[in-house]
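Chemist: My questions will all concern the structure given below.
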Amino acid sequence: MSKKNRLVLGIETSCDETGIAIYSDKGLLADTLYSQVAMHAEYGGVVPELASRDHVRKIIPLVKQCLAQAKLNTSELSGVAYTAGPGLVGALFAGASVARSLAYAWQIPSIGVHHMEGHLLAPMLEATPPSFPFIALLVSGGHTQLIHVKKIGDYQLMGESLDDAAGEAFDKTAKLLNLGYPGGPALARCAEGGDPERFTFPRPMTNRAGLDFSFSGLKTFALTTSQQHELDPQTRADIARAFEDAVADTLAIKCKRALQQSGLSTLVVAGGVSANKRLRHTLNSMCDEQKATVFYPRHEFCTDNGAMIAYAGYQRLLAGEHDELSIQVRPRWPLSELQPPQLS
């Protein structure tokens, strides 16, 4: 990527949000997002085929909107970054095909970005970003992982969920409580009115060594508790609060262990669940006790977005990385397979 006019268009289409953004040497210039939540709510979850078709409809209009927002012409762009995985294969192909076609037409390089690397680097978009190295907690509907981050691309997995991710457990628990879709935010809202003393849920895998997680048992505990009581509004709120507290405490306990084991004092929390207020309060308290500093992305960058893809792609394009002509996506793609960008 040329040293002049370094402007990268980012395209995110891993699941049910179409995110387009432009990142430059001066920072984030434009950011647009279209969410498919209303469409999928009718089905109680994401329908992959519908998601893919909607991405196809929305990408180009959002690209045009983003360029207008940044007051740029296509000739001023110097690279295109897109989510190559992990995610829904059809949704990934929708974004990758458009991104590669635009890059070919504009005669600029393109780069496929790892979706979770985008989340991991999202706090770098803030005015006061974290410094390397740090411990990262990636917590979303599809992933719950603790990672030792030495630098961009140098990631050591320390622990992960052995079954449901935390966000997935939130969604499933919300569904059994009939709280609506999307489940995570609905459960958090319901939990605000809950009595924290009425029910006590277990903190899974915290009584044994290690940094792995397990949340399927919490979901089962919530189901059993709901079957033993009449589900009036207050009981729903009390169960939601007990579940939310258990997840937040479990994540905080494991983060504390990861900080102690690594000797680091910086924690980065990213992914959709990082927007949860109860989790942030619990992690903030733990970090205060540990004399550690915790960083989060702003709320709009916790969920899927184009800004994080534009930033991650910018870093790799800057180092001279780019894709070949073939279009490839990876619905499953371990973060540990990434390598640090090598400056050319």
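Note on naming: chains are A, B, ... as they come in the structure tokens, residues start from 1 per chain, ligands start from 1 in the order shown.
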Using only C-alpha atoms, I'd like a table of the residues in range 85-198 of chain A that come within 9 Å of range 320-325 of chain A; for each, show the closest atom pair and its distance in Å rounded to one decimal, ordered by chain and ascending number, as a Markdown table.

Modeler:
```
| residue | atom | partner | partner_atom | distance |
| --- | --- | --- | --- | --- |
| A:Arg100 | CA | A:Leu325 | CA | 7.9 |
| A:Tyr104 | CA | A:Leu325 | CA | 8.6 |
| A:Pro109 | CA | A:His322 | CA | 5.8 |
| A:Ser110 | CA | A:His322 | CA | 5.5 |
| A:Ile111 | CA | A:His322 | CA | 4.9 |
| A:Gly112 | CA | A:Asp323 | CA | 7.0 |
```

Chemist: How about saving the chosen residues, all heavy atoms kept, as a short mmCIF file (atom, residue, chain, number, x, y, z; two decimals), in the first residue's frame?

Modeler:
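What ended up in again_17.cif:
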```
data_model
loop_
_atom_site.label_atom_id
_atom_site.label_comp_id
_atom_site.auth_asym_id
_atom_site.auth_seq_id
_atom_site.Cartn_x
_atom_site.Cartn_y
_atom_site.Cartn_z
N ARG A 100 -13.58 -8.07 -3.27
CA ARG A 100 -12.57 -8.42 -4.27
C ARG A 100 -12.88 -7.79 -5.63
O ARG A 100 -11.99 -7.38 -6.37
CB ARG A 100 -12.47 -9.94 -4.40
CG ARG A 100 -11.95 -10.65 -3.14
CD ARG A 100 -10.60 -10.13 -2.69
NE ARG A 100 -9.65 -10.07 -3.77
CZ ARG A 100 -8.99 -11.13 -4.26
NH1 ARG A 100 -9.17 -12.31 -3.70
NH2 ARG A 100 -8.16 -10.99 -5.26
N TYR A 104 -10.52 -5.10 -7.52
CA TYR A 104 -10.06 -5.38 -8.89
C TYR A 104 -10.41 -4.22 -9.82
O TYR A 104 -9.60 -3.79 -10.64
CB TYR A 104 -10.69 -6.68 -9.38
CG TYR A 104 -10.20 -7.12 -10.74
CD1 TYR A 104 -9.00 -7.80 -10.88
CD2 TYR A 104 -10.96 -6.87 -11.88
CE1 TYR A 104 -8.55 -8.21 -12.13
CE2 TYR A 104 -10.52 -7.27 -13.14
CZ TYR A 104 -9.32 -7.94 -13.25
OH TYR A 104 -8.87 -8.33 -14.49
N PRO A 109 -5.06 -3.09 -3.78
CA PRO A 109 -4.98 -4.39 -3.10
C PRO A 109 -6.15 -4.62 -2.15
O PRO A 109 -6.80 -3.67 -1.69
CB PRO A 109 -3.66 -4.30 -2.33
CG PRO A 109 -3.46 -2.84 -2.10
CD PRO A 109 -4.02 -2.16 -3.32
N SER A 110 -6.40 -5.89 -1.86
CA SER A 110 -7.42 -6.26 -0.88
C SER A 110 -6.83 -7.27 0.09
O SER A 110 -5.84 -7.94 -0.21
CB SER A 110 -8.66 -6.85 -1.57
OG SER A 110 -8.33 -8.05 -2.23
N ILE A 111 -7.46 -7.38 1.25
CA ILE A 111 -6.97 -8.31 2.27
C ILE A 111 -8.14 -8.89 3.05
O ILE A 111 -9.06 -8.17 3.45
CB ILE A 111 -5.99 -7.60 3.25
CG1 ILE A 111 -5.35 -8.60 4.21
CG2 ILE A 111 -6.66 -6.47 3.99
CD1 ILE A 111 -4.30 -9.46 3.61
N GLY A 112 -8.15 -10.21 3.22
CA GLY A 112 -9.16 -10.86 4.05
C GLY A 112 -8.77 -10.79 5.51
O GLY A 112 -7.65 -11.15 5.87
#
```

Chemist: With a distance cut-off of 10 Å and only C-alpha atoms, select the neighbouring residues of range 200-205 of chain A, excluding the residue or stretch itself and same-chain residues fewer than 6 positions from it, and output the selection as an MDAnalysis selection string.

Modeler: chainID A and resid 211:219 221:222 225 238:239 241:251 253:254

Chemist: If you keep N, CA and C atoms, can you produce a file of those selected residues as a CSV table (one decimal), in the first residue's frame?

Modeler:
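Result went into result.csv, see below:
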```csv
chain,number,residue,atom,x,y,z
A,211,LEU,N,-7.9,-22.1,32.7
A,211,LEU,CA,-8.6,-20.9,32.2
A,211,LEU,C,-9.7,-21.2,31.1
A,212,ASP,N,-10.1,-22.5,31.1
A,212,ASP,CA,-11.2,-22.8,30.1
A,212,ASP,C,-12.5,-22.5,30.8
A,213,PHE,N,-13.6,-22.4,29.9
A,213,PHE,CA,-14.9,-22.0,30.4
A,213,PHE,C,-15.9,-23.1,30.0
A,214,SER,N,-17.0,-23.1,30.7
A,214,SER,CA,-18.2,-23.9,30.3
A,214,SER,C,-19.4,-23.2,30.8
A,215,PHE,N,-20.3,-23.0,29.8
A,215,PHE,CA,-21.6,-22.3,30.1
A,215,PHE,C,-22.8,-23.1,29.9
A,216,SER,N,-22.7,-24.3,29.3
A,216,SER,CA,-23.9,-25.1,29.0
A,216,SER,C,-24.6,-25.5,30.3
A,217,GLY,N,-23.9,-25.7,31.4
A,217,GLY,CA,-24.5,-26.1,32.7
A,217,GLY,C,-25.3,-24.9,33.3
A,218,LEU,N,-24.8,-23.7,33.1
A,218,LEU,CA,-25.6,-22.6,33.6
A,218,LEU,C,-27.0,-22.5,32.8
A,219,LYS,N,-26.9,-22.7,31.6
A,219,LYS,CA,-28.2,-22.7,30.8
A,219,LYS,C,-29.1,-23.8,31.3
A,221,PHE,N,-29.1,-25.0,34.4
A,221,PHE,CA,-29.5,-24.6,35.7
A,221,PHE,C,-30.6,-23.6,35.6
A,222,ALA,N,-30.6,-22.7,34.6
A,222,ALA,CA,-31.6,-21.7,34.4
A,222,ALA,C,-32.9,-22.4,34.0
A,225,THR,N,-34.4,-24.2,37.1
A,225,THR,CA,-35.0,-23.2,38.0
A,225,THR,C,-36.3,-22.7,37.5
A,238,ASP,N,-35.6,-12.3,38.3
A,238,ASP,CA,-34.7,-12.8,39.3
A,238,ASP,C,-33.8,-13.9,38.7
A,239,ILE,N,-34.3,-14.7,37.8
A,239,ILE,CA,-33.5,-15.8,37.1
A,239,ILE,C,-32.5,-15.1,36.2
A,241,ARG,N,-31.2,-12.2,36.5
A,241,ARG,CA,-30.2,-11.5,37.3
A,241,ARG,C,-29.2,-12.6,37.8
A,242,ALA,N,-29.7,-13.7,38.3
A,242,ALA,CA,-28.8,-14.7,38.8
A,242,ALA,C,-27.9,-15.3,37.7
A,243,PHE,N,-28.5,-15.5,36.5
A,243,PHE,CA,-27.7,-16.0,35.4
A,243,PHE,C,-26.6,-15.0,35.0
A,244,GLU,N,-27.0,-13.7,34.9
A,244,GLU,CA,-26.1,-12.7,34.4
A,244,GLU,C,-24.9,-12.5,35.5
A,245,ASP,N,-25.3,-12.5,36.7
A,245,ASP,CA,-24.2,-12.4,37.8
A,245,ASP,C,-23.2,-13.6,37.7
A,246,ALA,N,-23.8,-14.8,37.5
A,246,ALA,CA,-22.9,-16.0,37.4
A,246,ALA,C,-21.9,-15.9,36.2
A,247,VAL,N,-22.4,-15.5,35.1
A,247,VAL,CA,-21.6,-15.3,33.9
A,247,VAL,C,-20.5,-14.3,34.1
A,248,ALA,N,-20.9,-13.1,34.7
A,248,ALA,CA,-20.0,-12.0,34.9
A,248,ALA,C,-18.9,-12.4,35.9
A,249,ASP,N,-19.3,-13.1,37.0
A,249,ASP,CA,-18.3,-13.5,38.0
A,249,ASP,C,-17.4,-14.5,37.5
A,250,THR,N,-17.9,-15.5,36.7
A,250,THR,CA,-17.0,-16.5,36.1
A,250,THR,C,-16.0,-15.9,35.2
A,251,LEU,N,-16.4,-15.0,34.3
A,251,LEU,CA,-15.5,-14.4,33.4
A,251,LEU,C,-14.4,-13.6,34.2
A,253,ILE,N,-13.3,-14.0,37.3
A,253,ILE,CA,-12.4,-15.0,38.0
A,253,ILE,C,-11.4,-15.5,37.0
A,254,LYS,N,-11.8,-15.9,35.8
A,254,LYS,CA,-10.8,-16.4,34.8
A,254,LYS,C,-9.9,-15.3,34.3
```

Chemist: Run DSSP on the backbone and tell me which residues of range 94-303 of chain A come out as strand (DSSP E or B); list them as a ChimeraX atom specification.

Modeler: /A:110-114,134-139,144-151,154-161,213,266-270,293-295

Chemist: Residues near range 185-198 of chain A, anyone? I mean within 6 Å using only C-alpha atoms, not counting same-chain ones fewer than 2 positions away, as an MDAnalysis selection string.

Modeler: chainID A and resid 174 179 183 237:238 240:241

Chemist: Take the residues from that selection and put them in a file with C-alpha atoms, as a PDB file, in the first residue's frame.

Modeler:
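Generated output (again39.pdb):
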```pdb
ATOM      1  CA  ALA A 174     -33.355 -15.563  27.126  1.00  0.00           C
ATOM      2  CA  LEU A 179     -37.615 -12.636  26.589  1.00  0.00           C
ATOM      3  CA  GLY A 183     -31.581 -12.596  23.590  1.00  0.00           C
ATOM      4  CA  ALA A 237     -36.124 -10.988  36.243  1.00  0.00           C
ATOM      5  CA  ASP A 238     -34.692 -12.810  39.262  1.00  0.00           C
ATOM      6  CA  ALA A 240     -32.060 -13.401  34.546  1.00  0.00           C
ATOM      7  CA  ARG A 241     -30.165 -11.533  37.264  1.00  0.00           C
TER       8      ARG A 241
END
```

Chemist: Would you mind reading off the distance between CA of Arg53 in chain A and CA of Pro331 in chain A, one decimal, in Å?

Modeler: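 Taking CA of Arg53 in chain A and CA of Pro331 in chain A, their separation equals 17.2 Å.
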
Chemist: Just checking: using only C-alpha atoms, which residue out of A:Gly180, A:Gly141, A:Val46, A:Pro133 ends up closest to Glu168 in chain A?

Modeler: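 When distances to Glu168 in chain A are compared using only C-alpha atoms, the smallest one comes from A:Gly141.
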
Chemist: Can you tell me which residues surround Ala105 in chain A at a distance of at most 12 Å, considering only C-alpha atoms, apart from same-chain residues fewer than 2 positions away, and format the answer as a short mmCIF file (atom, residue, chain, number, x, y, z; two decimals) with C-alpha atoms, in the first residue's frame?

Modeler:
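Resulting contents of selection24.cif:
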```cif
data_model
loop_
_atom_site.label_atom_id
_atom_site.label_comp_id
_atom_site.auth_asym_id
_atom_site.auth_seq_id
_atom_site.Cartn_x
_atom_site.Cartn_y
_atom_site.Cartn_z
CA THR A 74 -13.22 5.85 -5.07
CA SER A 75 -9.94 6.93 -6.72
CA LEU A 77 -8.95 4.63 -1.71
CA GLY A 79 -7.04 -0.76 -0.17
CA VAL A 80 -10.09 -2.88 0.65
CA VAL A 98 -18.01 -7.58 -3.50
CA ALA A 99 -14.75 -6.54 -1.81
CA ARG A 100 -12.57 -8.42 -4.27
CA SER A 101 -14.58 -7.11 -7.24
CA LEU A 102 -14.27 -3.51 -6.05
CA ALA A 103 -10.55 -3.88 -5.41
CA GLN A 107 -6.89 -1.58 -9.13
CA ILE A 108 -6.00 -1.53 -5.43
CA PRO A 109 -4.98 -4.39 -3.10
CA SER A 110 -7.42 -6.26 -0.88
#
```
